[in-house]
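The next block is input_26.cif, given as mmCIF, C-alpha atoms.
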data_work
#
loop_
_atom_site.label_atom_id
_atom_site.label_comp_id
_atom_site.auth_asym_id
_atom_site.auth_seq_id
_atom_site.Cartn_x
_atom_site.Cartn_y
_atom_site.Cartn_z
CA MET A 1 0.00 0.00 0.00
CA LYS A 2 1.21 3.47 -0.78
CA ALA A 3 -0.28 6.63 0.64
CA VAL A 4 0.28 10.34 0.99
CA TYR A 5 -1.02 11.92 4.18
CA ALA A 6 -0.49 14.75 6.63
CA LEU A 7 -1.11 15.19 10.34
CA TYR A 8 -2.83 18.26 11.79
CA ASP A 9 -3.43 19.64 15.27
CA ASP A 10 -6.49 21.69 14.36
CA PRO A 11 -9.74 20.57 12.65
CA ASN A 12 -9.83 23.80 10.63
CA ALA A 13 -6.36 23.10 9.22
CA ALA A 14 -7.46 19.58 8.34
CA LEU A 15 -10.54 21.00 6.63
CA ARG A 16 -8.32 23.28 4.52
CA ALA A 17 -6.31 20.22 3.48
CA VAL A 18 -9.49 18.29 2.58
CA ASN A 19 -10.68 21.24 0.49
CA GLY A 20 -7.26 21.36 -1.17
CA LEU A 21 -7.52 17.67 -2.05
CA ARG A 22 -10.99 18.22 -3.47
CA ALA A 23 -9.63 21.11 -5.57
CA ALA A 24 -6.89 18.76 -6.80
CA GLY A 25 -9.58 16.46 -8.18
CA ILE A 26 -9.71 13.80 -5.47
CA ALA A 27 -13.17 12.39 -4.80
CA ASP A 28 -14.54 12.43 -1.22
CA ARG A 29 -14.62 8.63 -1.06
CA ASP A 30 -10.83 8.54 -1.69
CA ILE A 31 -9.96 11.04 1.05
CA ALA A 32 -9.20 9.44 4.42
CA VAL A 33 -9.82 11.46 7.59
CA MET A 34 -9.00 9.86 10.95
CA THR A 35 -9.11 11.19 14.49
CA ALA A 36 -8.84 9.61 17.89
CA ASP A 37 -11.75 11.68 19.20
CA PRO A 38 -14.97 12.51 17.37
CA ILE A 39 -15.29 16.07 16.10
CA GLU A 40 -19.00 16.67 16.52
CA GLY A 41 -20.68 19.33 14.42
CA HIS A 42 -17.57 20.35 12.47
CA ALA A 43 -17.68 20.66 8.69
CA LEU A 44 -14.73 18.24 8.49
CA MET A 45 -16.97 15.35 9.50
CA ALA A 46 -20.08 16.42 7.59
CA ARG A 47 -19.30 14.00 4.76
CA GLU A 48 -19.32 11.09 7.22
CA ALA A 49 -22.85 11.83 8.45
CA HIS A 50 -24.72 9.71 5.89
CA THR A 51 -25.17 6.05 6.73
CA TRP A 52 -27.62 3.29 5.86
CA MET A 53 -27.26 1.61 9.25
CA PRO A 54 -30.59 2.79 10.78
CA TRP A 55 -32.51 1.65 7.71
CA VAL A 56 -30.79 -1.74 7.67
CA ALA A 57 -31.49 -2.17 11.40
CA ALA A 58 -35.16 -1.27 10.87
CA CYS A 59 -35.43 -3.81 8.05
CA GLY A 60 -33.82 -6.43 10.30
CA ALA A 61 -36.35 -5.61 13.01
CA VAL A 62 -39.26 -6.00 10.59
CA VAL A 63 -37.89 -9.35 9.41
CA GLY A 64 -37.54 -10.48 13.05
CA LEU A 65 -41.10 -9.42 13.84
CA VAL A 66 -42.49 -11.25 10.81
CA LEU A 67 -40.53 -14.38 11.71
CA ALA A 68 -41.70 -14.20 15.32
CA VAL A 69 -45.37 -13.83 14.38
CA GLY A 70 -45.08 -16.60 11.81
CA MET A 71 -43.37 -18.94 14.24
CA LEU A 72 -45.88 -18.27 16.99
CA LEU A 73 -48.93 -18.66 14.75
CA TRP A 74 -47.56 -21.82 13.18
CA GLY A 75 -46.77 -23.36 16.56
CA GLU A 76 -50.07 -22.45 18.20
CA LEU A 77 -52.22 -23.47 15.24
CA ALA A 78 -50.28 -26.66 14.44
CA TRP A 79 -50.74 -28.08 17.97
CA ARG A 80 -54.12 -26.83 19.11
CA LEU A 81 -54.52 -27.16 22.84
CA ASP A 82 -57.82 -27.15 24.65
CA THR A 83 -57.81 -23.76 26.34
CA GLY A 84 -61.26 -23.94 27.89
CA GLY A 85 -63.06 -21.69 25.44
CA MET A 86 -60.26 -19.11 25.21
CA PRO A 87 -58.65 -18.30 21.85
CA VAL A 88 -55.90 -20.64 20.72
CA VAL A 89 -53.68 -17.74 19.66
CA ALA A 90 -52.97 -15.68 22.77
CA TRP A 91 -51.62 -12.30 21.68
CA TRP A 92 -50.69 -10.83 25.08
CA PRO A 93 -48.18 -13.55 25.99
CA ASN A 94 -46.99 -13.63 22.38
CA LEU A 95 -46.07 -9.93 22.53
CA ILE A 96 -43.12 -10.75 24.78
CA ILE A 97 -41.62 -13.22 22.31
CA MET A 98 -42.40 -10.93 19.37
CA PHE A 99 -40.63 -8.02 21.07
CA GLU A 100 -37.58 -10.08 22.00
CA LEU A 101 -37.12 -11.55 18.50
CA THR A 102 -37.65 -8.12 16.93
CA MET A 103 -34.94 -6.57 19.10
CA LEU A 104 -32.60 -9.54 18.66
CA SER A 105 -32.76 -9.35 14.89
CA ALA A 106 -32.36 -5.54 14.93
CA ILE A 107 -29.26 -5.84 17.13
CA LEU A 108 -27.72 -8.66 15.07
CA THR A 109 -28.39 -6.75 11.85
CA THR A 110 -26.79 -3.61 13.31
CA VAL A 111 -23.68 -5.48 14.44
CA GLY A 112 -23.40 -7.21 11.07
CA THR A 113 -23.75 -3.88 9.26
CA LEU A 114 -21.09 -2.39 11.51
CA PHE A 115 -18.65 -5.17 10.62
CA VAL A 116 -19.36 -4.84 6.90
CA THR A 117 -19.06 -1.03 6.80
CA ALA A 118 -15.93 -1.03 8.97
CA GLY A 119 -14.31 -3.71 6.83
CA ILE A 120 -13.80 -6.12 9.73
CA PRO A 121 -12.04 -8.51 9.24
CA SER A 122 -9.73 -7.34 6.49
CA ARG A 123 -6.37 -8.58 5.31
CA ARG A 124 -5.60 -5.36 3.48
CA GLU A 125 -3.30 -2.79 5.01
CA LYS A 126 -4.95 0.21 6.63
CA LEU A 127 -3.78 3.80 6.56
CA TYR A 128 -2.78 4.70 10.10
CA ASP A 129 -0.21 6.71 12.04
CA ALA A 130 0.54 6.32 15.75
CA GLU A 131 0.29 10.10 16.28
CA ILE A 132 -3.49 9.88 15.79
CA ALA A 133 -3.70 8.47 19.31
CA ASP A 134 -1.94 11.63 20.58
CA GLY A 135 -4.71 13.86 19.25
CA LYS A 136 -3.53 14.50 15.70
CA ILE A 137 -5.92 14.46 12.72
CA LEU A 138 -4.84 12.44 9.70
CA VAL A 139 -5.90 13.56 6.21
CA GLY A 140 -4.62 11.56 3.28
CA VAL A 141 -5.13 9.62 0.09
CA LYS A 142 -4.54 5.89 -0.13
CA ASP A 143 -3.06 4.46 -3.36
CA PRO A 144 -2.80 7.77 -5.26
CA PRO A 145 -1.72 7.80 -8.91
CA ASP A 146 2.03 8.38 -9.27
CA THR A 147 1.46 11.40 -11.49
CA SER A 148 -0.53 13.29 -8.85
CA ILE A 149 1.66 12.80 -5.77
CA ALA A 150 3.30 16.24 -6.07
CA SER A 151 -0.05 18.02 -6.35
CA LEU A 152 -1.42 16.00 -3.42
CA GLN A 153 1.53 17.01 -1.28
CA GLN A 154 0.93 20.67 -2.18
CA ALA A 155 -2.76 20.32 -1.29
CA LEU A 156 -1.91 18.74 2.06
CA LEU A 157 0.64 21.46 2.80
CA ALA A 158 -2.13 24.05 2.33
CA GLY A 159 -3.48 22.97 5.70
CA GLY A 160 -0.09 23.46 7.36
CA GLY A 161 0.52 19.85 8.38
CA ARG A 162 3.52 17.54 8.10
CA VAL A 163 3.31 15.52 4.91
CA LYS A 164 4.34 11.87 5.01
CA ARG A 165 4.52 9.15 2.38
CA VAL A 166 4.13 5.45 2.94
#
Written form, structure tokens:
Amino acid sequence: MKAVYALYDDPNAALRAVNGLRAAGIADRDIAVMTADPIEGHALMAREAHTWMPWVAACGAVVGLVLAVGMLLWGELAWRLDTGGMPVVAWWPNLIIMFELTMLSAILTTVGTLFVTAGIPSRREKLYDAEIADGKILVGVKDPPDTSIASLQQALLAGGGRVKRV
């Protein structure tokens, strides 16, 4: 893996570097931004705000609810028990099982989506620098074309950081 990146102390400096990379023709999906601490509400992290995870979790919950209702109805109607004139399908006790299976499937879907979106597990090398743990902000491009490395370094220097190549 080859990469060009810079480390910044300030989120505004990192944002200037990201804007410089965009001006150099790098797409947002190819720009890596890493911090040890979340930067809430800053324009630097605005591109990371969109995720499909809530929708996938909701779909998992709906699937779990449908499976729970189907399983309960099938079980109660397949083996009819004499309930003394009461309905065979008892919805109040079934609500507990329906809730639990709905939540279980929503949680499992969320965890699975987290693993997929985070790329866990992965055998590929990741872009990382140990100074991120000390509070630095990494902005870089992984696997850049050889012809654009000089312009990428200039764009990263616009933010005032230390440029590194791997």
**Report entry** Residues in the PyMOL selection byres ((chain A and resi 145-161) around 10), expressed as a ChimeraX atom specification
**Finding:** /A:2-26,136-144,162-165
Report summary line: What separates atom CA of A:Gly135 and atom CA of A:Asp37 is a distance of 7.4 Å
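Using only C-alpha atoms for every distance, the candidate list A:Thr51, A:Thr35, A:Thr83, A:Thr117 yields A:Thr35 as the residue closest to A:Ile132.
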Query raised in the report: Separation of atom CA of A:Gly85 and atom CA of A:Leu73, in Å?
Result: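 Atom CA of A:Leu73 lies at a distance of 18.0 Å from atom CA of A:Gly85.
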Report task. Find the residues near A:Ile107: any atom within 9 Å, counting all atoms listed in the file, skip ones fewer than 3 places away on the same chain, and give them as a count of residues only. Result -> 9
Build an axis-aligned box that encloses every atom of stretch 48-57 of chain A listed in the file, pad it by 3 Å on each side, and report its centre and edge lengths in Å to one decimal, as lines of an AutoDock Vina configuration file.
center_x = -25.9
center_y = 4.8
center_z = 8.6
size_x = 19.2
size_y = 20.0
size_z = 11.5
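Residue nearest A:Leu72, chosen from A:Leu95, A:Val166, A:Ala58, A:Met86 and counting all atoms listed in the file: A:Leu95.
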Query raised in the report: With distances taken over all atoms listed in the file, which of A:Ala133, A:Glu40, A:Val33, A:Cys59 is nearest to A:Leu108?
Result: A:Cys59
Report task. Pick out the closest residue to A:Met34 from this set: A:Leu127, A:Met98, A:Val116, A:Val69. Count all atoms listed in the file. Result ->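 Going through A:Leu127, A:Met98, A:Val116, A:Val69 one by one, the smallest distance to A:Met34 is for A:Leu127.
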Requested in this report: Between atom CA of A:Met1 and atom CA of A:Glu125, measure the distance and give it in Å to one decimal.
Outcome: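 Result for atom CA of A:Met1 versus atom CA of A:Glu125: 6.6 Å, one decimal.
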